Structures are given as structure tokens and as C-alpha cells.
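target.cif (mmCIF, C-alpha atoms) appears below.
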data_upload
loop_
_atom_site.label_atom_id
_atom_site.label_comp_id
_atom_site.auth_asym_id
_atom_site.auth_seq_id
_atom_site.Cartn_x
_atom_site.Cartn_y
_atom_site.Cartn_z
CA MET Y 1 -8.08 16.85 137.28
CA ARG Y 2 -11.59 18.28 137.49
CA ASP Y 3 -10.20 21.36 139.23
CA LEU Y 4 -7.73 21.92 136.40
CA ALA Y 5 -10.47 21.54 133.81
CA GLU Y 6 -12.39 24.28 135.59
CA GLN Y 7 -9.27 26.47 135.54
CA LEU Y 8 -8.77 25.93 131.81
CA LYS Y 9 -12.39 26.69 130.89
CA SER Y 10 -12.99 29.58 133.30
CA ASP Y 11 -13.48 33.11 132.01
CA GLY Y 12 -10.17 34.20 133.52
CA VAL Y 13 -7.83 31.82 131.73
CA GLY Y 14 -9.59 30.19 128.84
CA HIS Y 15 -12.95 29.47 127.29
CA PRO Y 16 -15.79 27.02 127.99
CA PRO Y 17 -15.05 23.81 126.09
CA GLY Y 18 -17.42 23.04 123.24
CA LEU Y 19 -19.11 19.74 122.51
CA GLY Y 20 -16.48 17.09 121.85
CA GLU Y 21 -13.58 19.39 122.76
CA ILE Y 22 -10.71 17.74 124.58
CA LEU Y 23 -8.49 19.43 127.16
CA PRO Y 24 -5.16 18.00 128.36
CA LEU Y 25 -5.21 17.84 132.15
CA ARG Y 26 -1.54 18.19 132.87
CA PRO Y 27 1.49 19.93 131.38
CA LEU Y 28 4.52 18.11 130.07
CA LEU Y 29 6.95 17.81 132.98
CA MET Y 30 10.70 17.80 132.45
CA ARG Y 31 13.70 17.80 134.78
CA ARG Y 32 15.19 21.28 134.90
CA LYS Y 33 18.72 20.03 134.20
CA HIS Y 34 17.52 18.09 131.14
CA LEU Y 35 15.72 21.16 129.80
CA THR Y 36 18.68 23.49 130.45
CA THR Y 37 21.08 21.15 128.65
CA HIS Y 38 18.95 20.98 125.51
CA LEU Y 39 18.17 24.70 125.52
CA GLY Y 40 21.95 25.21 125.40
CA VAL Y 41 22.13 22.95 122.35
CA GLY Y 42 19.41 25.02 120.68
CA ARG Y 43 21.32 28.26 121.28
CA LYS Y 44 24.46 26.79 119.71
CA LEU Y 45 22.49 25.58 116.68
CA ILE Y 46 20.86 28.99 116.17
CA ARG Y 47 24.28 30.63 116.28
CA LEU Y 48 25.66 28.10 113.79
CA LEU Y 49 22.57 28.41 111.57
CA VAL Y 50 22.99 32.19 111.19
CA ALA Y 51 26.79 32.05 110.82
CA ASN Y 52 26.55 29.30 108.19
CA ALA Y 53 23.93 31.22 106.20
CA GLN Y 54 26.09 34.35 106.30
CA ARG Y 55 29.03 32.32 105.02
CA TYR Y 56 26.89 30.60 102.38
CA VAL Y 57 25.84 33.90 100.81
CA ALA Y 58 29.04 35.80 101.71
CA GLY Y 59 27.03 38.12 103.97
CA ASP Y 60 24.91 39.41 101.04
CA PRO Y 61 21.20 39.52 102.04
CA GLY Y 62 20.21 40.13 98.41
CA ARG Y 63 21.84 36.88 97.38
CA LEU Y 64 20.13 35.09 100.26
CA ARG Y 65 16.73 36.36 99.19
CA ALA Y 66 17.42 35.41 95.56
CA ILE Y 67 18.42 31.86 96.55
CA LEU Y 68 15.33 31.49 98.72
CA GLY Y 69 13.06 32.91 96.00
CA GLN Y 70 11.91 35.89 98.06
CA ASP Y 71 11.56 39.60 97.41
CA LEU Y 72 14.58 41.68 98.35
CA ALA Y 73 14.21 43.28 101.78
CA PRO Y 74 14.32 47.06 102.13
CA ALA Y 75 17.52 48.68 103.34
CA GLY Y 76 18.28 47.88 106.95
CA GLN Y 77 15.91 44.88 107.01
CA SER Y 78 18.39 42.12 106.21
CA PRO Y 79 17.48 38.93 108.07
CA LEU Y 80 21.20 38.36 108.63
CA HIS Y 81 21.96 41.90 109.79
CA ASP Y 82 21.08 41.27 113.44
CA ALA Y 83 23.14 39.26 115.91
CA TRP Y 84 22.12 35.60 116.23
CA HIS Y 85 20.38 36.18 119.58
CA THR Y 86 18.28 39.12 118.36
CA GLY Y 87 14.51 38.89 118.59
CA THR Y 88 12.37 35.83 119.13
CA TRP Y 89 13.26 32.37 117.86
CA HIS Y 90 11.02 29.30 117.62
CA ALA Y 91 12.89 25.99 117.89
CA ASN Y 92 10.70 23.06 116.85
CA VAL Y 93 11.77 19.91 118.62
CA ALA Y 94 10.93 16.22 118.77
CA SER Y 95 12.31 14.46 121.84
CA HIS Y 96 13.46 11.04 120.62
CA HIS Y 97 14.61 8.62 123.34
CA GLY Y 98 15.10 11.66 125.57
CA THR Y 99 17.33 13.56 123.09
CA TRP Y 100 16.03 16.72 121.48
CA ARG Y 101 16.05 16.61 117.68
CA PHE Y 102 15.61 20.09 116.20
CA THR Y 103 13.43 19.88 113.08
CA SER Y 104 13.23 23.62 112.23
CA PHE Y 105 14.05 27.12 113.43
CA GLU Y 106 12.28 30.38 112.75
CA ARG Y 107 12.60 33.97 113.87
CA GLY Y 108 9.45 36.06 113.81
CA MET Y 109 6.49 37.46 115.71
CA ILE Y 110 5.12 35.52 118.67
CA SER Y 111 2.86 37.81 120.68
CA PRO Y 112 -0.05 35.32 120.43
CA ASP Y 113 2.31 32.51 121.49
CA ILE Y 114 3.49 34.50 124.51
CA GLU Y 115 -0.11 35.10 125.52
CA GLY Y 116 -0.98 31.43 125.09
CA LEU Y 117 2.00 30.33 127.17
CA THR Y 118 1.04 32.73 129.94
CA THR Y 119 -2.60 31.63 129.95
CA LEU Y 120 -1.94 27.89 129.95
CA GLY Y 121 1.01 28.19 132.33
CA LEU Y 122 -1.07 30.06 134.90
CA ALA Y 123 -3.91 27.57 134.63
CA TYR Y 124 -1.62 24.61 135.25
CA GLU Y 125 0.27 26.45 137.99
CA ARG Y 126 -2.96 27.15 139.94
CA SER Y 127 -4.41 23.68 139.54
CA ALA Y 128 -4.81 20.97 142.15
CA VAL Y 129 -2.24 18.88 140.24
CA SER Y 130 0.45 21.48 140.88
CA ARG Y 131 -0.61 21.96 144.50
CA VAL Y 132 -0.22 18.23 145.13
CA LEU Y 133 3.23 18.24 143.51
CA ARG Y 134 4.34 21.15 145.66
CA ARG Y 135 2.91 19.53 148.78
CA ASP Y 136 5.19 16.59 148.03
CA LYS Y 137 8.18 19.01 147.97
CA ALA Y 138 8.46 19.26 144.19
CA SER Y 139 9.81 22.52 142.78
CA LEU Y 140 7.57 23.34 139.83
CA GLU Y 141 8.31 26.29 137.52
CA ARG Y 142 7.20 27.76 134.23
CA ALA Y 143 9.06 30.36 132.22
CA ASN Y 144 7.80 33.92 132.74
CA SER Y 145 7.24 34.44 129.03
CA ARG Y 146 6.09 38.04 129.15
CA ALA Y 147 9.02 39.11 131.35
CA VAL Y 148 11.46 37.52 128.91
CA TRP Y 149 9.68 39.26 126.01
CA ALA Y 150 10.04 42.60 127.83
CA ARG Y 151 13.78 42.07 128.38
CA SER Y 152 14.23 41.18 124.71
CA THR Y 153 12.26 44.23 123.60
CA LEU Y 154 14.28 46.52 125.87
CA GLN Y 155 17.48 44.96 124.53
CA ALA Y 156 16.39 45.71 120.93
CA ALA Y 157 15.36 49.26 121.87
CA ARG Y 158 18.71 49.97 123.54
CA ARG Y 159 20.54 48.79 120.44
CA ALA Y 160 18.36 51.04 118.28
CA VAL Y 161 18.89 54.21 120.36
CA PRO Y 162 22.04 53.62 122.45
CA GLU Y 163 22.68 57.29 123.25
CA VAL Y 164 19.32 57.99 124.94
CA GLY Y 165 18.98 57.95 128.75
CA PRO Y 166 15.53 56.92 130.09
CA LEU Y 167 13.56 55.40 127.21
CA ARG Y 168 9.96 56.03 126.25
CA VAL Y 169 8.61 53.11 124.20
CA GLY Y 170 5.34 53.02 122.29
CA LEU Y 171 3.48 49.80 121.45
CA LEU Y 172 1.68 50.50 118.18
CA VAL Y 173 -1.64 48.72 117.53
CA ALA Y 174 -4.32 48.86 114.85
CA ALA Y 175 -6.90 51.64 114.74
CA ALA Y 176 -9.62 49.58 116.44
CA PRO Y 177 -7.99 46.93 118.69
CA SER Y 178 -10.22 44.37 120.33
CA LEU Y 179 -10.69 44.48 124.10
CA GLU Y 180 -8.58 41.32 124.38
CA GLU Y 181 -5.72 42.89 122.41
CA GLN Y 182 -5.92 46.06 124.48
CA GLU Y 183 -5.55 44.01 127.65
CA GLU Y 184 -2.62 42.04 126.21
CA VAL Y 185 -0.78 45.21 125.14
CA GLU Y 186 -1.37 46.82 128.53
CA GLU Y 187 0.22 43.77 130.16
CA GLU Y 188 3.19 44.05 127.78
CA ALA Y 189 3.55 47.74 128.65
CA ALA Y 190 3.40 46.88 132.36
CA ALA Y 191 6.19 44.31 131.88
CA LEU Y 192 8.35 47.01 130.27
CA ARG Y 193 7.57 49.45 133.09
CA ARG Y 194 8.80 46.91 135.62
CA LEU Y 195 12.17 47.20 133.87
CA GLY Y 196 12.20 50.96 134.39
CA VAL Y 197 10.96 51.88 130.91
CA GLU Y 198 8.14 54.34 130.29
CA ALA Y 199 5.81 52.47 127.94
CA ALA Y 200 2.38 53.18 126.48
CA ARG Y 201 -0.07 51.74 123.97
CA LEU Y 202 -0.82 53.85 120.90
CA THR Y 203 -3.18 53.20 117.98
CA VAL Y 204 -2.11 54.25 114.49
CA ASP Y 205 -4.84 56.92 114.30
CA GLU Y 206 -3.82 58.39 117.68
CA ALA Y 207 -0.20 58.85 116.63
CA ASP Y 208 0.74 62.49 116.25
CA VAL Y 209 4.01 63.89 114.87
CA ARG Y 210 5.73 66.69 116.76
CA SER Y 211 9.17 68.02 115.91
CA GLY Y 212 9.95 64.88 113.93
CA ARG Y 213 8.92 62.46 116.71
CA ILE Y 214 5.82 60.37 117.40
CA SER Y 215 3.74 61.81 120.24
CA ASP Y 216 0.64 60.72 122.16
CA GLY Y 217 -0.10 64.06 123.87
CA PHE Y 218 1.80 63.11 127.01
CA GLY Y 219 5.24 63.19 125.43
CA THR Y 220 7.25 61.88 122.51
CA PHE Y 221 8.53 58.35 121.92
CA ASP Y 222 12.12 57.24 121.41
CA VAL Y 223 11.09 53.84 120.03
CA MET Y 224 7.89 52.59 118.41
CA VAL Y 225 7.36 48.80 118.41
CA TYR Y 226 5.08 47.88 115.50
CA ASP Y 227 4.88 44.06 115.54
CA ARG Y 228 1.13 44.08 116.13
CA VAL Y 229 0.29 46.18 113.07
CA ALA Y 230 2.20 43.91 110.67
CA GLU Y 231 -1.03 41.90 110.24
CA GLY Y 232 0.10 39.27 112.73
CA ILE Y 233 2.19 37.55 110.06
CA ALA Y 234 5.94 37.18 110.39
CA ASP Y 235 6.69 37.97 106.74
CA ALA Y 236 4.00 40.64 106.27
CA PRO Y 237 5.07 43.90 104.64
CA VAL Y 238 5.10 47.07 106.71
CA PRO Y 239 1.52 48.45 106.58
CA ARG Y 240 0.99 51.66 104.63
CA THR Y 241 0.07 53.61 107.78
CA VAL Y 242 3.33 52.64 109.43
CA ARG Y 243 5.31 53.59 106.33
CA GLU Y 244 3.63 57.00 106.37
CA LEU Y 245 4.53 57.52 110.02
CA GLN Y 246 8.11 56.42 109.41
CA ALA Y 247 8.43 58.86 106.51
CA ALA Y 248 7.15 61.72 108.68
CA VAL Y 249 9.57 61.30 111.59
CA SER Y 250 13.31 61.44 112.11
CA GLY Y 251 13.63 61.19 115.88
CA THR Y 252 11.57 58.05 116.65
CA VAL Y 253 12.99 54.65 115.73
CA PHE Y 254 10.55 51.98 114.47
CA LEU Y 255 11.44 48.38 115.22
CA ARG Y 256 10.08 44.88 115.41
CA SER Y 257 10.90 43.61 118.87
CA HIS Y 258 11.03 40.04 117.58
CA GLY Y 259 13.70 40.83 115.00
CA THR Y 260 13.58 40.86 111.23
CA PRO Y 261 11.96 37.51 110.35
CA ILE Y 262 14.22 34.84 108.90
CA TYR Y 263 12.28 32.95 106.26
CA SER Y 264 12.73 29.49 104.71
CA HIS Y 265 14.38 28.34 107.87
CA ASP Y 266 14.17 24.72 106.65
CA VAL Y 267 16.54 25.66 103.84
CA LEU Y 268 18.97 27.25 106.29
CA LEU Y 269 18.84 24.11 108.44
CA ALA Y 270 19.55 21.96 105.37
CA TRP Y 271 22.58 24.13 104.57
CA LEU Y 272 23.82 23.68 108.12
CA TYR Y 273 23.31 19.91 108.11
CA GLU Y 274 25.20 19.48 104.86
CA ALA Y 275 28.04 21.72 106.09
CA ARG Y 276 28.38 19.83 109.40
CA ASP Y 277 31.74 18.24 108.61
CA GLY Y 278 33.30 21.66 108.09
CA TYR Y 279 32.84 22.73 111.72
CA GLY Y 280 35.26 20.37 113.42
CA PRO Y 281 34.52 17.27 115.51
CA ARG Y 282 32.73 19.07 118.37
CA TYR Y 283 30.11 20.93 116.31
CA SER Y 284 29.90 18.22 113.69
CA ARG Y 285 28.85 15.79 116.43
CA LEU Y 286 26.40 18.31 117.87
CA ILE Y 287 24.68 18.72 114.50
CA HIS Y 288 24.71 14.96 113.84
CA ASP Y 289 23.13 14.19 117.24
CA HIS Y 290 20.50 16.93 117.28
CA VAL Y 291 19.54 17.68 113.64
CA PRO Y 292 17.88 14.96 111.54
CA PRO Y 293 19.27 14.49 108.01
CA THR Y 294 17.95 17.51 106.07
CA PHE Y 295 18.57 18.27 102.38
CA VAL Y 296 17.48 20.82 99.78
CA VAL Y 297 15.83 18.62 97.12
CA GLU Y 298 17.91 18.77 93.94
CA ASP Y 299 19.15 16.26 91.38
CA ARG Y 300 22.66 15.93 92.82
CA PRO Y 301 24.89 13.60 94.81
CA VAL Y 302 25.04 13.88 98.61
CA ARG Y 303 27.03 12.17 101.33
CA PHE Y 304 24.86 10.09 103.63
CA GLU Y 305 26.20 7.82 106.38
CA GLY Y 306 29.67 8.04 104.86
CA THR Y 307 28.56 7.07 101.35
CA ARG Y 308 28.16 9.31 98.31
CA THR Y 309 24.78 8.68 96.70
CA SER Y 310 22.16 10.27 94.44
CA LEU Y 311 19.82 12.36 96.59
CA LEU Y 312 16.76 11.65 94.44
CA ASN Y 313 17.41 7.89 94.43
CA HIS Y 314 17.95 8.01 98.19
CA LEU Y 315 14.64 9.79 98.75
CA GLU Y 316 12.71 7.57 96.33
CA THR Y 317 13.85 4.34 97.99
CA ARG Y 318 13.35 5.63 101.55
CA ARG Y 319 9.96 7.29 101.14
CA ASP Y 320 8.64 6.05 104.50
CA ARG Y 321 11.56 7.70 106.35
CA TYR Y 322 11.19 11.26 104.99
CA VAL Y 323 8.93 14.30 104.88
CA LEU Y 324 9.01 17.08 102.28
CA LYS Y 325 8.64 20.67 103.45
CA GLY Y 326 8.70 24.09 101.85
CA ALA Y 327 6.90 26.70 99.76
CA GLY Y 328 7.91 24.87 96.58
CA LEU Y 329 5.56 21.99 97.32
CA HIS Y 330 2.12 21.82 95.73
CA ASP Y 331 -0.20 23.93 97.97
CA GLY Y 332 2.80 24.55 100.25
CA VAL Y 333 1.84 21.69 102.58
CA THR Y 334 4.15 19.25 104.34
CA LEU Y 335 4.12 15.85 102.68
CA VAL Y 336 4.74 12.77 104.85
CA GLY Y 337 6.25 10.01 102.75
CA ARG Y 338 4.61 7.09 104.51
CA SER Y 339 1.18 8.75 104.07
CA VAL Y 340 1.29 8.79 100.25
CA ASP Y 341 1.89 6.17 97.58
CA GLU Y 342 5.02 5.82 95.42
CA GLN Y 343 3.51 7.71 92.48
CA GLN Y 344 2.50 10.72 94.60
CA TRP Y 345 5.94 10.79 96.21
CA ARG Y 346 7.75 10.61 92.87
CA GLU Y 347 5.59 13.40 91.42
CA ALA Y 348 6.31 15.57 94.47
CA LEU Y 349 10.06 15.07 94.03
CA GLU Y 350 9.84 15.92 90.32
CA HIS Y 351 7.83 19.05 91.13
CA ALA Y 352 10.40 20.03 93.77
CA VAL Y 353 13.33 19.69 91.36
CA GLY Y 354 11.58 21.55 88.55
CA GLY Y 355 10.10 24.33 90.67
CA HIS Y 356 11.35 27.83 91.40
CA LEU Y 357 10.97 27.63 95.20
CA ALA Y 358 13.07 25.41 97.45
CA VAL Y 359 11.78 22.15 98.91
CA VAL Y 360 13.51 20.43 101.81
CA ALA Y 361 13.54 16.72 102.58
CA GLN Y 362 13.99 15.80 106.22
CA GLU Y 363 14.25 12.44 107.88
CA LEU Y 364 11.09 11.72 109.84
CA VAL Y 365 11.43 12.14 113.60
CA GLU Y 366 8.81 10.56 115.84
CA ALA Y 367 8.57 12.17 119.26
CA ASP Y 368 8.54 9.99 122.37
CA ASP Y 369 5.22 8.74 123.76
CA VAL Y 370 3.68 10.53 126.72
CA SER Y 371 0.61 9.63 128.75
CA VAL Y 372 -1.67 12.59 129.50
CA PRO Y 373 -5.14 12.33 131.03
CA VAL Y 374 -7.71 14.46 129.20
CA TRP Y 375 -11.07 16.06 129.90
CA SER Y 376 -13.69 15.18 127.27
CA ASN Y 377 -17.43 15.89 127.39
CA GLY Y 378 -17.38 16.51 131.13
CA GLU Y 379 -15.49 13.33 131.98
CA VAL Y 380 -11.88 12.50 132.77
CA ARG Y 381 -10.14 9.99 130.48
CA SER Y 382 -6.90 8.72 131.94
CA ASP Y 383 -5.81 6.73 128.88
CA GLY Y 384 -4.62 9.55 126.61
CA SER Y 385 -1.43 8.46 124.80
CA PHE Y 386 0.28 11.04 122.59
CA ARG Y 387 3.50 12.08 120.94
CA ALA Y 388 4.69 15.46 122.16
CA PRO Y 389 6.59 17.59 119.61
CA THR Y 390 7.55 20.83 121.33
CA THR Y 391 8.26 24.42 120.33
CA ALA Y 392 10.78 26.13 122.60
CA LEU Y 393 10.87 29.92 122.44
CA TYR Y 394 13.94 32.12 122.89
CA CYS Y 395 13.66 35.91 123.38
CA GLY Y 396 16.98 37.72 123.09
CA GLY Y 397 18.72 34.39 123.62
CA ASP Y 398 16.79 33.65 126.86
CA TYR Y 399 14.30 30.81 127.28
CA ALA Y 400 10.73 32.14 127.09
CA GLY Y 401 8.72 28.96 127.63
CA ALA Y 402 7.59 26.09 125.45
CA HIS Y 403 4.39 25.00 123.76
CA VAL Y 404 3.70 21.26 123.53
CA ARG Y 405 1.66 19.74 120.72
CA LEU Y 406 -0.01 16.53 121.85
CA SER Y 407 -0.30 14.59 118.63
CA SER Y 408 -1.74 11.21 117.74
CA SER Y 409 0.23 11.07 114.48
CA GLY Y 410 3.65 11.53 116.07
CA VAL Y 411 4.98 13.45 113.06
CA ALA Y 412 6.83 16.48 114.42
CA ALA Y 413 6.95 18.26 111.05
CA ALA Y 414 3.24 17.91 110.20
CA PRO Y 415 0.77 19.54 112.62
CA ASP Y 416 -2.76 18.19 112.57
CA ARG Y 417 -5.93 20.12 113.35
CA THR Y 418 -6.84 17.51 115.96
CA ASP Y 419 -3.63 18.09 117.96
CA LEU Y 420 -4.02 19.37 121.54
CA ARG Y 421 -1.98 22.16 123.10
CA SER Y 422 -0.16 22.06 126.42
CA VAL Y 423 2.90 23.70 127.97
CA LEU Y 424 6.20 22.59 129.40
CA LEU Y 425 6.89 22.96 133.12
CA THR Y 426 10.20 22.04 134.77
CA LEU Y 427 10.28 19.78 137.77
CA ASP Y 428 12.89 19.04 140.40
CA PRO Y 429 12.26 16.68 143.35
#
Would you give me this structure, written as C-alpha cells?
Amino acid sequence: MRDLAEQLKSDGVGHPPGLGEILPLRPLLMRRKHLTTHLGVGRKLIRLLVANAQRYVAGDPGRLRAILGQDLAPAGQSPLHDAWHTGTWHANVASHHGTWRFTSFERGMISPDIEGLTTLGLAYERSAVSRVLRRDKASLERANSRAVWARSTLQAARRAVPEVGPLRVGLLVAAAPSLEEQEEVEEEAAALRRLGVEAARLTVDEADVRSGRISDGFGTFDVMVYDRVAEGIADAPVPRTVRELQAAVSGTVFLRSHGTPIYSHDVLLAWLYEARDGYGPRYSRLIHDHVPPTFVVEDRPVRFEGTRTSLLNHLETRRDRYVLKGAGLHDGVTLVGRSVDEQQWREALEHAVGGHLAVVAQELVEADDVSVPVWSNGEVRSDGSFRAPTTALYCGGDYAGAHVRLSSSGVAAAPDRTDLRSVLLTLDP
């Protein structure tokens, strides 16, 4: 445990812990078969989520944006235009009695998440804990997150320019990237090179235009990946400098390797939950078993546990079983029913019904308890008991690792600033 703490706080893989900071001293371990089974469920739900949203708005992205209360996307940027597996998906999960319950999905940028997974995964992999497990013949593995990201990026680039032979891919960064960001982008470029792609980092002020293509002085680029200059926010607009470059070229394709972000994913999940009976017994059961009851808050009747009932009455009388989520809430924060009084809950429901932005009610899911020893103020505490909501990442449909949030509250839908971060490693005896 002390060895792992040194790994986590060393210059190579982390930072020195500050006063009062707590570090988890082991990853979450899961049987590989158990993980693979639930990752398969997540893939099916993502596919259903996208297909159901397309059906709900008859394939019209403008209608989708209008329903969700968002600005219309520019041409070619429809969140439903790409195949379901395109880009990077976050699947937020609470394991309840060993069964994964998917509380939300999102597609967007995750470069910082990939870096965090790599850093934590390496620290745990090199620790004495892992060495002891391997000595006892355990097979311990983490997902190679950056390699999966590179495969997903190459997949997106090939779709964008299918007729080109050997690709040259540029990774566009801000005019003055930090040393840390430079190192991260160089590692991303190296991962692409290992797949046979010529890749290079390029800042926006270094980009030159030659014969309608972006150039760096060593050659021109077929594809320019610009995730890192979208201000690090999944729904950020394309920066002005990128728009100017796009307007000046015709032979270089600009893309976000993580796919066009899909917003208001809680709303899409609510649509899927309420449409579950229309997908036949197999998928209906899948949704019932792995998605908690999720509804768009409106003054309307819904079917719950076989009975038709008023949604607002249902939510008012079961306040301690629900959370409210969505941009339509006051301050946009998640509201946990059991943490507020009846008056606050009733006012939140009234605000949700009368507002212009959607609010989603979801049945509260408490993740299973895990015991994780922690390092605190230079000492090992072996009595750490937490809930462990997890975020599994998919790049291009492939598993790219999982973050674990060690939480004292146990509410999967409501992160707390005191939560600790860990990663998921698979284990076979």
C-alpha cells in the first residue's frame, strides 16, 4: 500500500498529495467475464438510444435540437448523422447487486479522461499490490485507453477521406499549449503512428495553407483533428481560428475524433425507457433490467409497473426514490429527492413543468458497497467503505477503460467534490 501511494504521488504518474488529501490504494477489481457481459449490454443500449432518438424525431436533427431546447447545429454536424458506434461514449453506471444499471450516456470529448485512465492505470499496474496478485497467478489487465482512442480516431479519419491511401493526420492544439498538453498530444500522435498513420502536432498559429490544404512545412494533411481547440468542452462552438482555417481549405477534412457530441442524453434515455415495450420482449427486458425508470418531467400520465398514473403525483409521493436532472433545473444542478424537503421538491417539479428546458426524473440507484484502503496524511487507513459508481468509456464501439468514483453518498447521478477517483482493472484467477 505504501509503495502504491509513492507511485500515485511521484512526479512520473501523479502529484504530491496535499494536506488532508486522500488517495485510494487499490483499483476496483472485476472478473473479466462479468465486465465483458455488461459492456455488451452498454453497446446494445447505445445502439437503441440512437435508433430510438432517430425514430422519435423522424431523423430530423433540427427537430431534435428544437425539442431539446438547443441551437440548431451547422450543416453536417447532426448528432444523429453518425453511426451509433462513432466517436467516444461515456456510459455512467451504478452496479446494484452485481448488475449494471446505466444512469446516463453521453458522446463527447474525453482526452483528459483518457490521460487520467492511463496515469492511474499505470500507477496501479506497477504497484506492489499488482505484483502480489500476479505472483499468486492472477491475470490482471487494464484497457489500453490511448490505443483504443487511436483506433477510433483512425476509423473516423478513414470514413472522412475513404479514397486516400496512406493518411497524414494533424492534431490541432491551441497557440500556446502547456508542456503537459504537448506531451499528451505527442503520445496521441505516437499511438496513431503505431497504426501506420503519419501524425503530427500542429498549433493553430503554425498552420499554413498550401494549394487548399493545411501544411506544417513538412507536407500537407489529409485530416485535421481539432478536439483540443474546442475549449475542452463537448458542446463548445468551433473556435474562430478553426472556422477561418476551414474556410481557407478544400483538401483537408476537419473532424472531431470523438464524434459530434450528443447533448441532453438524459432526455434520450428517458425516451428509450418509455418506449421499451415497443422493442419486443428481448430488448424490453434488457431496458427494464439495466435502465432505472427515467421520465421527462411533464404533467401527463405514464405507465409505471403496469399501472397508468399521473407522473407528477408519482414523483411527489416518491420523492425519496428519485433524482431530478437536466439544464431546466434551477442552476442546472442535480437534485436528490431525499436530500430536500417536500416544499423544495414540489417547487422543483413546478419549475420543471413550466420551464423551457427539459428536466428528467430518474429513480435513484445506489451503487454496491466496496471496501478500499486509503492513504491519508501519510498513513494507511484500511477501513474505507464507499459506493463505486463507474464511467465506462467506448471509443469506436471498443472498450477504452473505466473511471471509478468512490463516493460516500452512494448517489450515482450526483457527483460530490469529496469523491475519490480510481480505475477499473479486470481480474481472472
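Using only C-alpha atoms, the nearest neighbour of Y:Pro166 within the list Y:Leu23, Y:Ala199, Y:Ala402, Y:Val302 is Y:Ala199.
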Selection: 7 Å around Y:Trp375, all atoms listed in the file, excl. self and same-chain fewer than 5 positions, as a VMD selection string: chain Y and resid 5 22 to 25 380 to 381
All residues 12 Å or closer to Y:Glu188, all atoms listed in the file, same chain fewer than 6 positions away omitted, as number ranges by chain: Y: 111-112, 114-115, 118, 145-154, 169-172, 181-182, 194-195, 197-201, 225, 228, 257
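Coordinates place atom CA of Y:Phe105 at a distance of 22.7 Å from atom CA of Y:Tyr226.
Contact shell of Y:Leu140 at 8 Å (only C-alpha atoms; same-chain neighbours under 4 positions omitted): Y:Ser130, Y:Leu133, Y:Arg134, Y:Leu425, Y:Thr426, Y:Leu427, Y:Asp428.
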Nearest candidate to Y:Arg32 (options Y:Ile287, Y:Val173, Y:Ala367, Y:Leu424; using only C-alpha atoms): Y:Leu424
Can you pull out the residues contacting stretch 275-286 of chain Y? Cut-off 9 Å, using all atoms listed in the file, and skip same-chain residues under 5 positions away; I want them as JSON, numbers by chain. {"Y": [41, 44, 45, 48, 52, 270, 291]}
Ground truth for the PyMOL selection byres ((chain Y and resi 206) around 12), written as a PyMOL selection string: chain Y and resi 170-176+200-205+207-209+214-218+241+245
Please determine, counting only C-alpha atoms, which residue among Y:Met224, Y:Val423, Y:Val359, Y:Ala388 has the shortest atom-to-atom distance to Y:Thr252. Y:Met224
Distance query Y:Ala348 at most 12 Å, all atoms listed in the file, self and fewer than 5 positions along chain excluded, as a list in words: Val297, Leu312, Leu315, Glu316, Arg319, Val323, Leu324, Lys325, Gly326, Gly328, Leu329, His330, Asp331, Gly332, Val333, Thr334, Leu335, Val336, Gly337, Val340, Asp341, Glu342, Gln343, Val353, Gly354, Gly355, Val359, Val360 and Ala361 of chain Y
So which residues get picked by the PyMOL selection byres ((chain Y and resi 104) around 12) here, written as a PyMOL selection string? chain Y and resi 42+45-46+49+89-94+100-103+105-107+262-270+272-273+290-294+325-326+360-362+365+389-392+412-414
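Between atom CA of Y:Ser250 and atom CA of Y:Glu163 the interatomic distance comes to 15.1 Å.
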Any idea what the distance is between atom CA of Y:Arg338 and atom CA of Y:Arg321? 7.2 Å
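Between Y:Ser127 and the residues Y:Glu347, Y:Pro27, Y:Gly378, Y:Val242, the shortest atom-to-atom distance, using only C-alpha atoms, involves Y:Pro27.
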